[in-house]
$ cat input_16.txt   # compact mmCIF, C-alpha atoms and all ligand atoms
# COMPACT_ATOMS: atom_id res chain seq x y z
CA MET A 1 135.48 32.67 164.46
CA GLN A 2 138.63 30.54 164.63
CA LYS A 3 141.92 31.94 163.40
CA VAL A 4 144.48 29.54 161.95
CA LEU A 5 148.09 30.33 161.02
CA PHE A 6 150.10 27.75 159.05
CA VAL A 7 153.86 28.04 159.50
CA CYS A 8 156.92 26.67 157.68
CA LEU A 9 160.52 27.78 157.14
CA GLY A 10 160.18 29.95 154.04
CA ASN A 11 156.40 30.52 153.59
CA ILE A 12 156.70 29.90 149.87
CA CYS A 13 155.97 26.13 149.62
CA ARG A 14 154.37 24.10 152.42
CA SER A 15 152.53 26.66 154.56
CA PRO A 16 150.99 28.59 151.63
CA MET A 17 149.86 25.26 150.14
CA ALA A 18 148.19 24.50 153.48
CA GLU A 19 146.71 28.02 153.69
CA PHE A 20 145.04 27.85 150.28
CA VAL A 21 143.98 24.20 150.57
CA MET A 22 142.36 24.99 153.94
CA LYS A 23 140.63 28.06 152.49
CA LYS A 24 139.22 25.85 149.71
CA LEU A 25 138.03 23.14 152.13
CA VAL A 26 136.41 25.77 154.35
CA SER A 27 134.78 27.44 151.34
CA ASP A 28 133.49 24.07 150.02
CA ALA A 29 132.01 23.42 153.48
CA LYS A 30 130.36 26.88 153.38
CA LEU A 31 132.24 27.86 156.53
CA THR A 32 134.29 30.79 155.20
CA HIS A 33 132.65 33.20 157.66
CA GLU A 34 133.75 31.04 160.60
CA PHE A 35 137.47 30.98 159.86
CA GLU A 36 140.38 33.32 159.30
CA ILE A 37 143.30 31.51 157.66
CA ALA A 38 146.82 32.72 156.86
CA SER A 39 150.43 31.50 156.68
CA ALA A 40 153.86 32.74 157.69
CA ALA A 41 157.56 31.82 157.80
CA THR A 42 159.89 31.22 160.71
CA SER A 43 162.81 32.67 158.68
CA THR A 44 163.34 35.95 156.84
CA GLU A 45 164.81 34.02 153.87
CA GLU A 46 161.92 34.49 151.41
CA VAL A 47 160.07 37.49 152.91
CA GLY A 48 158.21 39.41 150.19
CA ASN A 49 158.48 36.60 147.65
CA PRO A 50 155.42 35.00 145.99
CA VAL A 51 154.46 31.33 146.30
CA TYR A 52 157.20 29.16 144.72
CA PRO A 53 156.14 28.34 141.13
CA PRO A 54 155.92 24.52 141.48
CA ALA A 55 153.77 24.93 144.63
CA LYS A 56 151.60 27.46 142.79
CA ARG A 57 151.28 25.01 139.86
CA LYS A 58 150.26 22.16 142.19
CA LEU A 59 147.53 24.36 143.67
CA ALA A 60 146.42 25.51 140.20
CA GLU A 61 146.23 21.90 138.93
CA ASN A 62 143.65 21.40 141.67
CA GLY A 63 141.71 24.54 140.86
CA ILE A 64 143.12 26.57 143.74
CA GLY A 65 144.57 30.07 143.30
CA CYS A 66 147.06 31.84 145.56
CA ALA A 67 147.25 35.26 143.91
CA GLY A 68 148.65 38.08 146.00
CA LYS A 69 150.27 35.87 148.63
CA THR A 70 153.80 36.93 149.56
CA ALA A 71 155.96 35.46 152.30
CA ARG A 72 156.09 37.11 155.69
CA GLN A 73 157.74 36.19 158.96
CA MET A 74 155.73 35.11 161.98
CA THR A 75 155.82 37.41 165.02
CA ARG A 76 155.03 37.14 168.71
CA ALA A 77 151.89 39.21 167.95
CA ASP A 78 150.71 36.40 165.63
CA TYR A 79 150.86 34.08 168.61
CA GLU A 80 148.49 36.34 170.52
CA TYR A 81 146.16 36.86 167.52
CA TYR A 82 145.75 33.36 166.09
CA ASP A 83 143.99 30.51 167.93
CA HIS A 84 145.86 27.69 166.18
CA ILE A 85 149.48 27.84 165.01
CA ILE A 86 150.06 24.85 162.72
CA ALA A 87 153.67 23.88 161.96
CA MET A 88 154.75 21.67 159.07
CA ASP A 89 157.69 19.93 160.78
CA HIS A 90 159.60 19.54 164.03
CA SER A 91 162.24 22.04 162.97
CA ASN A 92 159.49 24.68 162.54
CA LEU A 93 158.41 23.97 166.13
CA ARG A 94 161.86 24.86 167.45
CA HIS A 95 161.94 28.08 165.43
CA ILE A 96 158.40 29.01 166.51
CA ASN A 97 159.36 28.53 170.16
CA HIS A 98 162.32 30.82 169.58
CA ILE A 99 159.97 33.53 168.21
CA ILE A 100 157.23 33.21 170.83
CA GLY A 101 159.23 32.34 173.94
CA SER A 102 156.88 29.64 175.13
CA ASP A 103 153.60 28.10 173.97
CA ASP A 104 151.92 28.89 177.27
CA ARG A 105 148.43 28.80 175.75
CA GLY A 106 148.91 25.47 173.97
CA LYS A 107 148.20 26.88 170.51
CA VAL A 108 151.04 25.26 168.57
CA SER A 109 150.79 21.83 166.92
CA LEU A 110 152.12 19.85 163.97
CA LEU A 111 149.76 19.54 160.98
CA MET A 112 150.10 15.77 160.66
CA ASP A 113 149.52 15.28 164.41
CA HIS A 114 145.87 15.93 163.53
CA THR A 115 145.85 12.75 161.40
CA PRO A 116 146.01 9.10 162.55
CA HIS A 117 149.67 8.87 161.45
CA PRO A 118 151.78 11.81 162.63
CA HIS A 119 154.89 12.70 160.62
CA ASP A 120 156.60 15.80 159.24
CA VAL A 121 154.94 17.20 156.08
CA ALA A 122 157.13 16.17 153.13
CA ASP A 123 159.50 19.08 152.43
CA PRO A 124 159.72 19.66 148.66
CA TRP A 125 162.53 22.23 148.87
CA TYR A 126 165.34 19.72 148.36
CA THR A 127 163.41 16.81 146.78
CA GLY A 128 161.29 18.73 144.25
CA ASN A 129 158.47 16.30 145.09
CA PHE A 130 155.42 18.53 145.33
CA ASP A 131 153.05 15.55 144.93
CA ALA A 132 154.13 14.16 148.31
CA THR A 133 153.64 17.59 149.91
CA TRP A 134 150.22 17.91 148.28
CA LYS A 135 149.18 14.50 149.67
CA ASP A 136 150.27 15.38 153.23
CA VAL A 137 148.81 18.89 153.14
CA THR A 138 145.40 17.81 151.84
CA GLU A 139 145.17 14.96 154.34
CA GLY A 140 146.37 17.13 157.22
CA CYS A 141 144.05 20.04 156.41
CA SER A 142 141.01 17.76 156.03
CA ALA A 143 141.70 16.18 159.42
CA LEU A 144 142.32 19.58 161.03
CA LEU A 145 139.09 21.00 159.63
CA GLU A 146 137.08 18.05 161.01
CA GLU A 147 138.56 18.79 164.46
CA LEU A 148 137.93 22.53 164.28
CA LYS A 149 134.36 22.01 163.07
CA ASN A 150 133.71 20.11 166.28
CA ILE A 151 135.11 22.99 168.36
CA ASN A 152 132.72 25.39 166.56
CA GLN A 153 129.65 23.31 167.34
P1 LIG B 1 158.96 26.14 152.70
O1 LIG B 1 160.19 25.75 151.76
O2 LIG B 1 159.53 26.27 154.11
O3 LIG B 1 158.04 24.98 152.57
O4 LIG B 1 158.40 27.44 152.18
C1 LIG B 1 161.43 26.40 151.82
C2 LIG B 1 161.59 27.62 151.21
C3 LIG B 1 162.83 28.27 151.26
C4 LIG B 1 163.87 27.67 151.93
C5 LIG B 1 163.69 26.45 152.55
C6 LIG B 1 162.46 25.80 152.50
N1 LIG B 1 165.13 28.31 151.98
O5 LIG B 1 166.07 27.72 152.51
O6 LIG B 1 165.24 29.45 151.51

$ encode --input "input_16.txt" --output "C-alpha cells"
Amino acid sequence: MQKVLFVCLGNICRSPMAEFVMKKLVSDAKLTHEFEIASAATSTEEVGNPVYPPAKRKLAENGIGCAGKTARQMTRADYEYYDHIIAMDHSNLRHINHIIGSDDRGKVSLLMDHTPHPHDVADPWYTGNFDATWKDVTEGCSALLEELKNINQ
C-alpha cells in the first residue's frame, strides 16, 4: 500500500484535480487496493469548501466525479502518514516546509518533477485556464503512477 497526498494552496482546484485523476488512473489500472490517495491545502483559505465549480466541470467532462470532497489543511501528522507528498508548485513547497519543519524522510516532491519537463502545474486561480491545469495534472499523474508502480513491484 502506498499513500499519496496531493497538495496545493487552496485544495479546491489543482490538488483535488490531481487526487481524482490519480484515483481514476489507479482504478483503470486495477490497482485501487494498492493505493490510498487524498489531497489537502497549505492554507486555511478554502477549508470546508467543495471543489471549485470549473475544476469539478473539467473532471466531469472527462467522466470523473469528485462528490463529497471538501478542502482541508495539511498537518504535520499527514507528513508522518503519507508516503508521498506531491506539491503543485514551488510556493506550495515553501508552505509545506513551514508546516512540517523539514522533509527529513524525503517524501516531498513537485508533481511535474516526475515528468521529463519539470515546471509548476498551471495555476487556474487567476487565469481561469482549467484546460492547461488538466493537461499538466493528467501528464504528471500518469508519470507519477508509472514510477510508483515500479516501487510496488
Ligand atoms: P488551488 O487554487 O490552490 O489550486 O486550490 C486556489 C484556490 C484558492 C486560492 C488560491 C488558489 N485563494 O487564494 O483563496

$ closest_residue --input "input_16.txt" --among "A:Pro124, A:Gly106, A:Gly68, A:Pro54" --to "ligand LIG 1 (chain B)" --atoms "only C-alpha atoms and all ligand atoms"
A:Pro124

$ residues_around --input "input_16.txt" --residues "Phe35 of chain A" --least-positions-apart "2" --cutoff "7 Å" --atoms "only C-alpha atoms" --output "ChimeraX atom specification"
/A:1-3,31-33,37

$ residues_near_ligand --input "input_16.txt" --ligand "ligand LIG 1 (chain B)" --cutoff "7 Å" --atoms "all atoms listed in the file" --output "VMD selection string"
chain A and resid 8 to 15 41 45 to 46 123 to 125

$ closest_residue --input "input_16.txt" --among "A:Ala29, A:Leu59, A:Ala77, A:Leu145" --to "Thr133 of chain A" --atoms "only C-alpha atoms"
A:Leu59

$ residues_around --input "input_16.txt" --residues "Asp136 of chain A" --least-positions-apart "5" --cutoff "10 Å" --atoms "all atoms listed in the file" --output "list of chain:residue names"
A:Arg14, A:Ala18, A:Met88, A:Leu111, A:Met112, A:Thr115, A:His119, A:Asp120, A:Val121, A:Ala122, A:Asp123, A:Phe130, A:Asp131, A:Cys141, A:Ser142

$ atom_distance --input "input_16.txt" --atom1 "atom CA of Cys66 of chain A" --atom2 "atom CA of Phe20 of chain A"
6.5 Å

$ atom_distance --input "input_16.txt" --atom1 "atom CA of Asn129 of chain A" --atom2 "atom CA of Leu25 of chain A"
22.7 Å

$ closest_residue --input "input_16.txt" --among "A:Asp103, A:His84, A:Tyr79, A:Ala67" --to "Asn49 of chain A" --atoms "only C-alpha atoms"
A:Ala67

$ atom_distance --input "input_16.txt" --atom1 "atom CA of Ile64 of chain A" --atom2 "atom CA of Glu19 of chain A"
10.7 Å

$ axis_aligned_box --input "input_16.txt" --around "segment 63-70 of chain A" --padding-each-side "4 Å" --output "JSON"
{"center_x": 147.8, "center_y": 31.3, "center_z": 145.2, "size_x": 20.1, "size_y": 21.5, "size_z": 16.7}

$ closest_residue --input "input_16.txt" --among "A:Arg76, A:Phe6, A:Thr42, A:Pro16" --to "Ser109 of chain A" --atoms "all atoms listed in the file"
A:Phe6

$ residues_around --input "input_16.txt" --residues "Val47 of chain A" --least-positions-apart "3" --cutoff "6 Å" --atoms "all atoms listed in the file" --output "PyMOL selection string"
chain A and resi 44+71-72

$ closest_residue --input "input_16.txt" --among "A:Lys23, A:His98, A:Lys149, A:His90" --to "Gly65 of chain A" --atoms "all atoms listed in the file"
A:Lys23

$ closest_residue --input "input_16.txt" --among "A:Glu34, A:Asp78, A:Asp89, A:Asp104" --to "Leu148 of chain A" --atoms "all atoms listed in the file"
A:Glu34
